[in-house]
2 protein chains.
Amino acid sequence: MTEPRWLNADERRAWLALLSINTLLPAALDTQLQAAGKLSLFDYNVLAMLSEAEGRFLPMSELAARTSASLSRLSHVVTKLQRRGWVEREAHPGDARVTVAHLTESGMNTIVSLAPGHVGAVRALMLDAMSDDDVADLARIGEKIVARLDDNHWILRER
Amino acid sequence: MTEPRWLNADERRAWLALLSINTLLPAALDTQLQAAGKLSLFDYNVLAMLSEAEGRFLPMSELAARTSASLSRLSHVVTKLQRRGWVEREAHPGDARVTVAHLTESGMNTIVSLAPGHVGAVRALMLDAMSDDDVADLARIGEKIVARLDDNHWILRER
DNA sequence: AACCGCTAGTTGAAGTGTCAAGTATTGATT
DNA sequence: AATCAATACTTGACACTTCAACTAGCGGTT
């Protein structure tokens, strides 16, 4: 067995910071969204991705990719959002295996009303702490890490 | 109602990257730890924080702070780790309100055996994608965000 | 010495996420 | 045209997290 390369000071700082952000940031955003509309950050993201899609609908697989979620997790959540009248499931005309998730009018109204508060929270909790250069650096480094985790990730395809 | 400042291109990239990392990185590390020792990333972190503490014990509150967790979440997890023989609960001599979590010999052996594989995964999934400058930048920016989320966070006290 | 607010931690219930197993459809192969 | 692997999704059970409510001890006040 070979000796593992241990983390140096910067590596440890970067790793611990990311781990902490990872726990604290979603929790804080969840709290804001829970107060504003009784939904989770993940719920919000599902609605947001649909609202930005052409025609406000996407196949479950594509929606799962855009929210970095498993199909199973997404399926459960869409069921929940469906019960609240924000999303509908529809058949895909060309391929009977595919389920299309479609944002309803009510769902669209919900996300439009929640967006300002949510964006405000993202600014207050993270972006306002950073200079413009920091933001650019984080975007660059973050995308490198995403590429390492999933080199076909959709956020990398946009550019 | 004032118009909310929308996200510009870099802000959006930084935010989406962080959101994706947030979902993908813990999932990948969980998978590795689950395969290696049937525990979660959070479980691992609890053991790691105890193993690094003076005397290998910490009050629940301090352990919660070092894992960025709620006391409730930690309490449930410590109960689980206790059942597996890795942690023990002890009374605090000076303050009867305090419960001290103590890493057992068996718990120490567990973390020692898991550490190389875990650190290897952290490198493979994130650090290896970055230059030395990237790592330093991420540490600096990450700590700024942590400070914004919790300006008394323990990782900021170390320096 | 009784009270009161605060700190520290636990618990049970309800909601979420994950995992393994299952269904149905498609496209490719023979 | 029958088979077979792969794709797309759903479901149910179990594990985990969160939330609200609770117990209990400490320190300061009157």
# chains A, B, ... in the order shown; residues from 1 in each chain; ligands from 1
$ closest_atom_pairs --of "chain A" --to "chain B" --cutoff "7 Å" --atoms "only C-alpha atoms" --output "JSON lines"
{"residue": "A:Pro4", "atom": "CA", "partner": "B:Pro116", "partner_atom": "CA", "distance": 5.6}
{"residue": "A:Asp10", "atom": "CA", "partner": "B:Ala136", "partner_atom": "CA", "distance": 5.6}
{"residue": "A:Glu11", "atom": "CA", "partner": "B:Val135", "partner_atom": "CA", "distance": 6.2}
{"residue": "A:Arg13", "atom": "CA", "partner": "B:Ala139", "partner_atom": "CA", "distance": 5.3}
{"residue": "A:Ala14", "atom": "CA", "partner": "B:Ala139", "partner_atom": "CA", "distance": 3.9}
{"residue": "A:Ala17", "atom": "CA", "partner": "B:Gly142", "partner_atom": "CA", "distance": 5.2}
{"residue": "A:Leu18", "atom": "CA", "partner": "B:Gly142", "partner_atom": "CA", "distance": 6.3}
{"residue": "A:Ser20", "atom": "CA", "partner": "B:Ser68", "partner_atom": "CA", "distance": 6.3}
{"residue": "A:Ile21", "atom": "CA", "partner": "B:Val146", "partner_atom": "CA", "distance": 6.0}
{"residue": "A:Asn22", "atom": "CA", "partner": "B:Asn22", "partner_atom": "CA", "distance": 5.7}
{"residue": "A:Thr23", "atom": "CA", "partner": "B:Ser68", "partner_atom": "CA", "distance": 6.4}
{"residue": "A:Leu24", "atom": "CA", "partner": "B:Leu149", "partner_atom": "CA", "distance": 6.8}
{"residue": "A:Ser68", "atom": "CA", "partner": "B:Ser20", "partner_atom": "CA", "distance": 6.2}
{"residue": "A:Pro116", "atom": "CA", "partner": "B:Pro4", "partner_atom": "CA", "distance": 5.7}
{"residue": "A:Leu125", "atom": "CA", "partner": "B:Leu149", "partner_atom": "CA", "distance": 6.0}
{"residue": "A:Met126", "atom": "CA", "partner": "B:Ile145", "partner_atom": "CA", "distance": 5.5}
{"residue": "A:Ala129", "atom": "CA", "partner": "B:Ile145", "partner_atom": "CA", "distance": 6.1}
{"residue": "A:Asp134", "atom": "CA", "partner": "B:Ile141", "partner_atom": "CA", "distance": 6.5}
{"residue": "A:Val135", "atom": "CA", "partner": "B:Glu11", "partner_atom": "CA", "distance": 6.1}
{"residue": "A:Ala136", "atom": "CA", "partner": "B:Asp10", "partner_atom": "CA", "distance": 5.6}
{"residue": "A:Leu138", "atom": "CA", "partner": "B:Ala14", "partner_atom": "CA", "distance": 5.6}
{"residue": "A:Ala139", "atom": "CA", "partner": "B:Ala14", "partner_atom": "CA", "distance": 3.9}
{"residue": "A:Ile141", "atom": "CA", "partner": "B:Asp134", "partner_atom": "CA", "distance": 6.5}
{"residue": "A:Gly142", "atom": "CA", "partner": "B:Ala17", "partner_atom": "CA", "distance": 5.2}
{"residue": "A:Glu143", "atom": "CA", "partner": "B:Ala17", "partner_atom": "CA", "distance": 5.7}
{"residue": "A:Lys144", "atom": "CA", "partner": "B:Ala129", "partner_atom": "CA", "distance": 6.2}
{"residue": "A:Ile145", "atom": "CA", "partner": "B:Met126", "partner_atom": "CA", "distance": 5.4}
{"residue": "A:Val146", "atom": "CA", "partner": "B:Ile21", "partner_atom": "CA", "distance": 6.0}
{"residue": "A:Arg148", "atom": "CA", "partner": "B:Leu125", "partner_atom": "CA", "distance": 6.1}
{"residue": "A:Leu149", "atom": "CA", "partner": "B:Leu125", "partner_atom": "CA", "distance": 6.0}
$ interface_residues --of "chain B" --to "chain C" --cutoff "10 Å" --atoms "only C-alpha atoms (C1' of nucleotides)" --output "list in words"
Pro59, Met60, Ser61, Leu71, Ser72, Ser75, His76, Asp95, Ala96, Arg97, Val98 and Thr99 of chain B
$ interface_residues --of "chain D" --to "chain A" --cutoff "9 Å" --atoms "only C-alpha atoms (C1' of nucleotides)" --output "number ranges by chain"
D: 7-10
$ atom_distance --atom1 "atom CA of Leu74 of chain A" --atom2 "atom C1' of DC14 of chain D"
18.4 Å
$ residues_around --residues "Gly85 of chain B" --least-positions-apart "2" --cutoff "8 Å" --atoms "only C-alpha atoms (C1' of nucleotides)" --output "MDAnalysis selection string"
chainID B and resid 81:83 87:88 104 106:107
$ write_last_selection --atoms "C-alpha atoms" --output "short mmCIF file (atom, residue, chain, number, x, y, z; two decimals), in the first residue's frame"
data_model
loop_
_atom_site.label_atom_id
_atom_site.label_comp_id
_atom_site.auth_asym_id
_atom_site.auth_seq_id
_atom_site.Cartn_x
_atom_site.Cartn_y
_atom_site.Cartn_z
CA LEU B 81 -22.46 5.84 15.38
CA GLN B 82 -22.78 4.78 19.00
CA ARG B 83 -24.71 1.68 17.96
CA VAL B 87 -18.49 6.84 19.41
CA GLU B 88 -19.52 7.02 23.06
CA THR B 104 -13.63 4.95 20.56
CA SER B 106 -12.71 1.09 17.07
CA GLY B 107 -13.90 4.41 15.66
#
$ select_by_dssp --residues "chain A" --states "helix (DSSP H, G or I)" --output "PyMOL selection string"
chain A and resi 9-37+41-52+54-56+60-66+71-83+105-125+127-129+132-149+154-157
$ select_by_dssp --residues "chain A" --states "strand (DSSP E or B)" --output "JSON, numbers by chain"
{"A": [57, 58, 59, 87, 88, 89, 90, 91, 99, 100, 101, 102, 103]}
